[in-house]
Amino acid sequence: MDMNPLETRLKTLTLRSPLLTASGTSGSSDEILALRGARGILRALGAFVSKGVTIEPRKGNPEVRVIETRGGLLNSIGLQNNGVRTFMRDELPKLLAYRLPVIVNISAASIEEFAALTERLTSLDTDRSIAGLEINVSCPNIAAGGAVFGSNPVMVRKVVRAVRKQARRDMLAIVKLSPNVANIVEPARAAIEGGADALSMINTLRGAAIDIGTRRFALGNRIGGLSGPAIKPVGLYMVAECFRSIPACRDGRVPIIGIGGVACWEDALEYVMAGAAAVAIGTAWFADPHVFVRIRDGLRRYCREHSASLAELRGCAHA
Ligand SMILES: Cc1cc2nc3c(=O)[nH]c(=O)nc-3n(C[C@H](O)[C@H](O)[C@H](O)COP(=O)(O)O)c2cc1C
C-alpha cells in the first residue's frame, strides 16, 4: 500500500493529512515558524485555519481572558483581531508561507456584515489564495439583540447563503457550529440548505467560573467558552448525530470536521469512527506544539497496522 492512508478530501480540497488547526489557537500570522521543529509541525498539518477575522479591528474582552478548569480551558478572548484589511495585507501573506491550504475563520454581528466581510475578503484575495472560509455562527447577532446566530436555524441558513453569494465559487464554505443548542442536527441541516460545503463542530461550550477569593467571576467577561478534554464526548456525540441523521454527511457530500478536546491519536481516530473526515485541534496544542506530529504518526501507524485508510474508517462505528 503506497497510497497515503491519511489523505483527506474536503469537497474539492485534497489534504495530505486530516489534521487542521482549530481557529483562534494558532494565530493568524507566522507564529508557528518561531517554534522548534516548525517544519515538522507544518508537514503534519493538512490545512491551516486562521483566528477569527472581523470586518473592523477588535480589542477583545477585558482581562482575565483565559483560565484553566479541571480537564479544560475557559476563554473569553472576544475575537481580538486586526480587522480584514490588515489580515489581508500583513497576515495572510505570512500564512501562505506555510505552504498549506489556508482557511479563514470569519465572524460578524449581522447578516449584512457577514456579506460585507466576505465581499471584502474575496475582492482583496486577488491571487485566489484563500482555500476556504469557516463561518463562525457562534457570535452574537447584534441586530437580533445579541442572540447567537448558531442557535437559530433560520439565521444559520441566511448567514451561509449571504456568505456563499459573496464568496468565490471555488472557496469552500465551512460552517462552524455551536454546541450551545438543544439539537445540533437542526443548525447542521440549515447550514447545508444555505449552501455549506462542509461542517465543523464543535465550537466552545458556554461556561463560567468564580474566584472565591475575590468573590467575583474569574473571567473579565464573566462567561466564556469551554474547550479541551472536558468537551470531547460532547463534540464526538454531535459529529455522530449529524453523520447518522444527515445523508449528505454520511455519503461525504458534506464532510464533517470534528473538533473538541482532541489530544492524542486515539481521540482523533474516535472522531473519524464517529463520522469526521478531518479533525481540528486547539487547546491540546497550547500544552504541546508537537501534538500534530504525534497524532499524525499515531494515525499513520494505526492505518498501516490495520491495512485501512482513514477514509475507509470514517463513520465505521455506525455500522
Ligand atoms: C483561545 C481560544 C480562541 C478561540 N478562538 C476562536 C475563533 O476565533 N473562532 C472560532 O470559530 N473558534 C475559536 N475557538 C474555538 C476553537 O476553534 C475550538 O472550536 C474549541 O476550542 C474546541 O477545540 P479544542 O478542545 O481542541 O480546543 C477558540 C478557542 C480557544 C481556546
# chains A, B, ... in the order shown; residues from 1 in each chain; ligands from 1
>>> residues_near_ligand(ligand="ligand 1", cutoff="7 Å", atoms="only C-alpha atoms and all ligand atoms", output="ChimeraX atom specification")
/A:22-25,51-52,73,75,77,79,105,136,176,201-204,227-229,231-232,259-262,280-284
>>> write_last_selection(atoms="C-alpha atoms", output="PDB file, in the first residue's frame")
ATOM      1  CA  ALA A  22      -8.638  24.934  15.407  1.00  0.00           C
ATOM      2  CA  SER A  23      -9.452  28.585  14.805  1.00  0.00           C
ATOM      3  CA  GLY A  24      -8.096  31.062  17.329  1.00  0.00           C
ATOM      4  CA  THR A  25      -5.477  28.764  18.770  1.00  0.00           C
ATOM      5  CA  LYS A  51      -8.025  33.029  14.068  1.00  0.00           C
ATOM      6  CA  GLY A  52     -11.401  34.728  13.693  1.00  0.00           C
ATOM      7  CA  LEU A  73      -9.825  25.732  29.383  1.00  0.00           C
ATOM      8  CA  ASN A  75     -11.650  31.571  27.399  1.00  0.00           C
ATOM      9  CA  ILE A  77     -10.925  36.400  24.049  1.00  0.00           C
ATOM     10  CA  LEU A  79     -12.473  37.895  18.829  1.00  0.00           C
ATOM     11  CA  ASN A 105     -12.406  31.883  10.043  1.00  0.00           C
ATOM     12  CA  ASN A 136     -18.310  31.121  12.858  1.00  0.00           C
ATOM     13  CA  LYS A 176     -18.626  26.062  12.327  1.00  0.00           C
ATOM     14  CA  MET A 201     -18.094  21.129  15.061  1.00  0.00           C
ATOM     15  CA  ILE A 202     -17.894  21.974  17.857  1.00  0.00           C
ATOM     16  CA  ASN A 203     -17.086  25.483  18.971  1.00  0.00           C
ATOM     17  CA  THR A 204     -16.713  26.049  22.725  1.00  0.00           C
ATOM     18  CA  SER A 227     -12.616  23.753  25.391  1.00  0.00           C
ATOM     19  CA  GLY A 228     -10.188  20.884  25.935  1.00  0.00           C
ATOM     20  CA  PRO A 229     -10.535  17.238  27.055  1.00  0.00           C
ATOM     21  CA  ILE A 231     -15.714  18.623  25.933  1.00  0.00           C
ATOM     22  CA  LYS A 232     -14.564  15.679  23.793  1.00  0.00           C
ATOM     23  CA  ILE A 259     -13.333  19.480  16.865  1.00  0.00           C
ATOM     24  CA  GLY A 260     -13.288  19.392  20.647  1.00  0.00           C
ATOM     25  CA  GLY A 261     -10.800  18.021  23.122  1.00  0.00           C
ATOM     26  CA  VAL A 262      -8.565  16.061  20.759  1.00  0.00           C
ATOM     27  CA  ALA A 280      -9.030  20.151  14.212  1.00  0.00           C
ATOM     28  CA  ILE A 281      -7.009  20.640  17.383  1.00  0.00           C
ATOM     29  CA  GLY A 282      -6.912  23.709  19.617  1.00  0.00           C
ATOM     30  CA  THR A 283      -6.376  23.503  23.355  1.00  0.00           C
ATOM     31  CA  ALA A 284      -4.016  20.481  23.260  1.00  0.00           C
TER      32      ALA A 284
END
>>> residues_around(residues="Ala97 (chain A)", least_positions_apart="3", cutoff="12 Å", atoms="only C-alpha atoms", output="ChimeraX atom specification")
/A:29-33,39,42,48,91-94,100-102,129
>>> residues_around(residues="region 6-13 of chain A", least_positions_apart="5", cutoff="9 Å", atoms="only C-alpha atoms", output="JSON, numbers by chain")
{"A": [18, 46, 101, 131, 170, 172, 197, 198, 252, 253, 254, 255, 256, 257, 277, 278, 296, 299, 300, 303, 309, 310, 311]}
>>> residues_around(residues="region 265-268 of chain A", least_positions_apart="2", cutoff="7 Å", atoms="only C-alpha atoms", output="VMD selection string")
chain A and resid 262 to 263 270 to 272 279 295 298 to 299
>>> closest_residue(among="A:Ala167, A:Val66, A:Met273, A:Ala109", to="Asn141 (chain A)", atoms="only C-alpha atoms")
A:Ala109
>>> atom_distance(atom1="CA of Asp125 (chain A)", atom2="CA of Val148 (chain A)")
28.6 Å
>>> atom_distance(atom1="CA of Glu186 (chain A)", atom2="CA of Val156 (chain A)")
9.7 Å
>>> residues_around(residues="Arg65 (chain A)", least_positions_apart="3", cutoff="12 Å", atoms="only C-alpha atoms", output="PDB file with N, CA, C and O atoms, in the first residue's frame")
ATOM      1  N   GLY A  60     -11.085  43.035  21.726  1.00  0.00           N
ATOM      2  CA  GLY A  60     -11.391  41.846  22.510  1.00  0.00           C
ATOM      3  C   GLY A  60     -11.941  42.208  23.874  1.00  0.00           C
ATOM      4  O   GLY A  60     -12.193  43.372  24.176  1.00  0.00           O
ATOM      5  N   ASN A  61     -12.134  41.185  24.703  1.00  0.00           N
ATOM      6  CA  ASN A  61     -12.758  41.368  26.017  1.00  0.00           C
ATOM      7  C   ASN A  61     -11.741  41.792  27.063  1.00  0.00           C
ATOM      8  O   ASN A  61     -10.537  41.615  26.889  1.00  0.00           O
ATOM      9  N   PRO A  62     -12.246  42.347  28.203  1.00  0.00           N
ATOM     10  CA  PRO A  62     -11.331  42.706  29.297  1.00  0.00           C
ATOM     11  C   PRO A  62     -10.662  41.470  29.900  1.00  0.00           C
ATOM     12  O   PRO A  62     -11.207  40.371  29.838  1.00  0.00           O
ATOM     13  N   GLU A  68      -7.647  28.028  33.434  1.00  0.00           N
ATOM     14  CA  GLU A  68      -7.733  26.568  33.350  1.00  0.00           C
ATOM     15  C   GLU A  68      -8.843  26.080  34.254  1.00  0.00           C
ATOM     16  O   GLU A  68      -9.048  26.608  35.350  1.00  0.00           O
ATOM     17  N   LEU A  73     -10.286  24.346  29.434  1.00  0.00           N
ATOM     18  CA  LEU A  73      -9.825  25.732  29.383  1.00  0.00           C
ATOM     19  C   LEU A  73     -11.065  26.592  29.157  1.00  0.00           C
ATOM     20  O   LEU A  73     -11.940  26.229  28.362  1.00  0.00           O
ATOM     21  N   LEU A  74     -11.134  27.705  29.882  1.00  0.00           N
ATOM     22  CA  LEU A  74     -12.269  28.613  29.726  1.00  0.00           C
ATOM     23  C   LEU A  74     -11.700  29.904  29.155  1.00  0.00           C
ATOM     24  O   LEU A  74     -10.772  30.481  29.736  1.00  0.00           O
ATOM     25  N   ASN A  75     -12.200  30.339  27.979  1.00  0.00           N
ATOM     26  CA  ASN A  75     -11.650  31.571  27.399  1.00  0.00           C
ATOM     27  C   ASN A  75     -12.748  32.542  27.012  1.00  0.00           C
ATOM     28  O   ASN A  75     -13.871  32.153  26.686  1.00  0.00           O
ATOM     29  N   SER A  76     -12.410  33.815  27.089  1.00  0.00           N
ATOM     30  CA  SER A  76     -13.306  34.863  26.559  1.00  0.00           C
ATOM     31  C   SER A  76     -12.427  35.906  25.894  1.00  0.00           C
ATOM     32  O   SER A  76     -12.276  37.020  26.371  1.00  0.00           O
ATOM     33  N   ILE A  77     -11.821  35.500  24.779  1.00  0.00           N
ATOM     34  CA  ILE A  77     -10.925  36.400  24.049  1.00  0.00           C
ATOM     35  C   ILE A  77     -11.728  37.548  23.439  1.00  0.00           C
ATOM     36  O   ILE A  77     -11.270  38.693  23.408  1.00  0.00           O
ATOM     37  N   GLY A  78     -12.923  37.247  22.971  1.00  0.00           N
ATOM     38  CA  GLY A  78     -13.763  38.297  22.392  1.00  0.00           C
ATOM     39  C   GLY A  78     -13.340  38.673  20.984  1.00  0.00           C
ATOM     40  O   GLY A  78     -13.468  39.827  20.567  1.00  0.00           O
ATOM     41  N   LEU A  79     -12.805  37.703  20.245  1.00  0.00           N
ATOM     42  CA  LEU A  79     -12.473  37.895  18.829  1.00  0.00           C
ATOM     43  C   LEU A  79     -11.502  39.041  18.584  1.00  0.00           C
ATOM     44  O   LEU A  79     -11.649  39.803  17.631  1.00  0.00           O
ATOM     45  N   GLN A  80     -10.533  39.181  19.464  1.00  0.00           N
ATOM     46  CA  GLN A  80      -9.499  40.194  19.234  1.00  0.00           C
ATOM     47  C   GLN A  80      -8.816  39.905  17.894  1.00  0.00           C
ATOM     48  O   GLN A  80      -8.390  38.791  17.619  1.00  0.00           O
ATOM     49  N   ALA A 208     -18.677  29.206  32.966  1.00  0.00           N
ATOM     50  CA  ALA A 208     -18.263  30.281  33.876  1.00  0.00           C
ATOM     51  C   ALA A 208     -17.495  29.683  35.042  1.00  0.00           C
ATOM     52  O   ALA A 208     -17.552  28.474  35.280  1.00  0.00           O
ATOM     53  N   ALA A 209     -16.764  30.529  35.750  1.00  0.00           N
ATOM     54  CA  ALA A 209     -16.055  30.118  36.963  1.00  0.00           C
ATOM     55  C   ALA A 209     -16.014  31.311  37.919  1.00  0.00           C
ATOM     56  O   ALA A 209     -16.017  32.462  37.480  1.00  0.00           O
ATOM     57  N   PHE A 217     -16.638  36.792  39.332  1.00  0.00           N
ATOM     58  CA  PHE A 217     -16.402  35.874  38.219  1.00  0.00           C
ATOM     59  C   PHE A 217     -14.910  35.897  37.871  1.00  0.00           C
ATOM     60  O   PHE A 217     -14.276  36.959  37.918  1.00  0.00           O
ATOM     61  N   ALA A 218     -14.386  34.740  37.542  1.00  0.00           N
ATOM     62  CA  ALA A 218     -12.956  34.630  37.281  1.00  0.00           C
ATOM     63  C   ALA A 218     -12.555  35.278  35.955  1.00  0.00           C
ATOM     64  O   ALA A 218     -11.445  35.770  35.810  1.00  0.00           O
ATOM     65  N   LEU A 219     -13.473  35.264  34.966  1.00  0.00           N
ATOM     66  CA  LEU A 219     -13.180  35.883  33.669  1.00  0.00           C
ATOM     67  C   LEU A 219     -13.687  37.325  33.657  1.00  0.00           C
ATOM     68  O   LEU A 219     -14.762  37.615  34.201  1.00  0.00           O
ATOM     69  N   GLY A 220     -12.939  38.208  33.007  1.00  0.00           N
ATOM     70  CA  GLY A 220     -13.348  39.609  32.908  1.00  0.00           C
ATOM     71  C   GLY A 220     -14.730  39.756  32.285  1.00  0.00           C
ATOM     72  O   GLY A 220     -15.500  40.648  32.641  1.00  0.00           O
ATOM     73  N   ASN A 221     -15.041  38.861  31.351  1.00  0.00           N
ATOM     74  CA  ASN A 221     -16.323  38.905  30.652  1.00  0.00           C
ATOM     75  C   ASN A 221     -17.402  38.062  31.353  1.00  0.00           C
ATOM     76  O   ASN A 221     -18.474  37.852  30.814  1.00  0.00           O
ATOM     77  N   ARG A 222     -17.107  37.584  32.564  1.00  0.00           N
ATOM     78  CA  ARG A 222     -17.995  36.707  33.346  1.00  0.00           C
ATOM     79  C   ARG A 222     -18.164  35.326  32.712  1.00  0.00           C
ATOM     80  O   ARG A 222     -17.896  34.325  33.347  1.00  0.00           O
ATOM     81  N   ILE A 223     -18.667  35.280  31.470  1.00  0.00           N
ATOM     82  CA  ILE A 223     -18.836  33.964  30.847  1.00  0.00           C
ATOM     83  C   ILE A 223     -17.802  33.763  29.751  1.00  0.00           C
ATOM     84  O   ILE A 223     -17.240  34.710  29.220  1.00  0.00           O
ATOM     85  N   GLY A 224     -17.564  32.526  29.442  1.00  0.00           N
ATOM     86  CA  GLY A 224     -16.570  32.224  28.408  1.00  0.00           C
ATOM     87  C   GLY A 224     -16.935  30.941  27.702  1.00  0.00           C
ATOM     88  O   GLY A 224     -18.066  30.445  27.797  1.00  0.00           O
ATOM     89  N   GLY A 225     -15.964  30.402  26.970  1.00  0.00           N
ATOM     90  CA  GLY A 225     -16.192  29.175  26.216  1.00  0.00           C
ATOM     91  C   GLY A 225     -15.259  28.091  26.713  1.00  0.00           C
ATOM     92  O   GLY A 225     -14.057  28.292  26.843  1.00  0.00           O
ATOM     93  N   LEU A 226     -15.840  26.927  26.979  1.00  0.00           N
ATOM     94  CA  LEU A 226     -15.069  25.799  27.498  1.00  0.00           C
ATOM     95  C   LEU A 226     -14.538  24.951  26.338  1.00  0.00           C
ATOM     96  O   LEU A 226     -15.283  24.610  25.414  1.00  0.00           O
TER      97      LEU A 226
END
>>> decode(residues="region 191-202 of chain A", atoms="all heavy atoms", output="mmCIF file, in the first residue's frame")
data_model
loop_
_atom_site.group_PDB
_atom_site.id
_atom_site.type_symbol
_atom_site.label_atom_id
_atom_site.label_comp_id
_atom_site.auth_asym_id
_atom_site.auth_seq_id
_atom_site.Cartn_x
_atom_site.Cartn_y
_atom_site.Cartn_z
ATOM 1 N N ALA A 191 -27.492 24.820 7.696
ATOM 2 C CA ALA A 191 -26.230 25.235 7.059
ATOM 3 C C ALA A 191 -26.123 24.606 5.673
ATOM 4 O O ALA A 191 -25.711 25.263 4.708
ATOM 5 C CB ALA A 191 -25.048 24.819 7.933
ATOM 6 N N ILE A 192 -26.511 23.344 5.554
ATOM 7 C CA ILE A 192 -26.431 22.651 4.261
ATOM 8 C C ILE A 192 -27.437 23.258 3.278
ATOM 9 O O ILE A 192 -27.122 23.503 2.114
ATOM 10 C CB ILE A 192 -26.644 21.135 4.451
ATOM 11 C CG1 ILE A 192 -25.492 20.557 5.282
ATOM 12 C CG2 ILE A 192 -26.749 20.418 3.106
ATOM 13 C CD1 ILE A 192 -25.696 19.132 5.766
ATOM 14 N N GLU A 193 -28.629 23.568 3.772
ATOM 15 C CA GLU A 193 -29.627 24.219 2.908
ATOM 16 C C GLU A 193 -29.112 25.576 2.418
ATOM 17 O O GLU A 193 -29.400 25.995 1.300
ATOM 18 C CB GLU A 193 -30.938 24.437 3.678
ATOM 19 C CG GLU A 193 -31.757 23.160 3.831
ATOM 20 C CD GLU A 193 -32.816 23.294 4.929
ATOM 21 O OE1 GLU A 193 -33.175 24.440 5.283
ATOM 22 O OE2 GLU A 193 -33.249 22.245 5.438
ATOM 23 N N GLY A 194 -28.339 26.256 3.265
ATOM 24 C CA GLY A 194 -27.787 27.563 2.889
ATOM 25 C C GLY A 194 -26.626 27.461 1.918
ATOM 26 O O GLY A 194 -26.160 28.475 1.406
ATOM 27 N N GLY A 195 -26.112 26.240 1.702
ATOM 28 C CA GLY A 195 -25.034 26.068 0.725
ATOM 29 C C GLY A 195 -23.693 25.686 1.328
ATOM 30 O O GLY A 195 -22.659 25.838 0.662
ATOM 31 N N ALA A 196 -23.672 25.185 2.559
ATOM 32 C CA ALA A 196 -22.400 24.787 3.180
ATOM 33 C C ALA A 196 -21.757 23.639 2.404
ATOM 34 O O ALA A 196 -22.444 22.694 2.006
ATOM 35 C CB ALA A 196 -22.638 24.358 4.624
ATOM 36 N N ASP A 197 -20.440 23.731 2.196
ATOM 37 C CA ASP A 197 -19.693 22.640 1.571
ATOM 38 C C ASP A 197 -19.240 21.620 2.602
ATOM 39 O O ASP A 197 -18.997 20.460 2.279
ATOM 40 C CB ASP A 197 -18.429 23.187 0.885
ATOM 41 C CG ASP A 197 -18.784 24.111 -0.259
ATOM 42 O OD1 ASP A 197 -19.502 23.671 -1.155
ATOM 43 O OD2 ASP A 197 -18.342 25.277 -0.234
ATOM 44 N N ALA A 198 -19.061 22.079 3.836
ATOM 45 C CA ALA A 198 -18.609 21.212 4.927
ATOM 46 C C ALA A 198 -19.083 21.814 6.240
ATOM 47 O O ALA A 198 -19.438 22.998 6.298
ATOM 48 C CB ALA A 198 -17.084 21.090 4.923
ATOM 49 N N LEU A 199 -19.095 20.985 7.283
ATOM 50 C CA LEU A 199 -19.461 21.463 8.619
ATOM 51 C C LEU A 199 -18.272 21.241 9.538
ATOM 52 O O LEU A 199 -17.548 20.250 9.389
ATOM 53 C CB LEU A 199 -20.654 20.672 9.166
ATOM 54 C CG LEU A 199 -21.927 20.646 8.323
ATOM 55 C CD1 LEU A 199 -22.958 19.702 8.964
ATOM 56 C CD2 LEU A 199 -22.507 22.054 8.187
ATOM 57 N N SER A 200 -18.056 22.160 10.472
ATOM 58 C CA SER A 200 -17.071 21.876 11.506
ATOM 59 C C SER A 200 -17.769 22.013 12.849
ATOM 60 O O SER A 200 -18.614 22.874 13.039
ATOM 61 C CB SER A 200 -15.845 22.791 11.401
ATOM 62 O OG SER A 200 -16.203 24.148 11.460
ATOM 63 N N MET A 201 -17.448 21.100 13.754
ATOM 64 C CA MET A 201 -18.094 21.129 15.061
ATOM 65 C C MET A 201 -17.210 20.388 16.059
ATOM 66 O O MET A 201 -16.549 19.418 15.670
ATOM 67 C CB MET A 201 -19.494 20.500 15.004
ATOM 68 C CG MET A 201 -19.512 19.010 14.674
ATOM 69 S SD MET A 201 -21.144 18.355 14.292
ATOM 70 C CE MET A 201 -21.419 18.919 12.612
ATOM 71 N N ILE A 202 -17.074 20.925 17.287
ATOM 72 C CA ILE A 202 -17.894 21.974 17.857
ATOM 73 C C ILE A 202 -17.038 23.192 18.235
ATOM 74 O O ILE A 202 -15.828 23.070 18.427
ATOM 75 C CB ILE A 202 -18.626 21.466 19.149
ATOM 76 C CG1 ILE A 202 -17.628 20.913 20.154
ATOM 77 C CG2 ILE A 202 -19.687 20.486 18.817
ATOM 78 C CD1 ILE A 202 -18.242 20.447 21.478
#
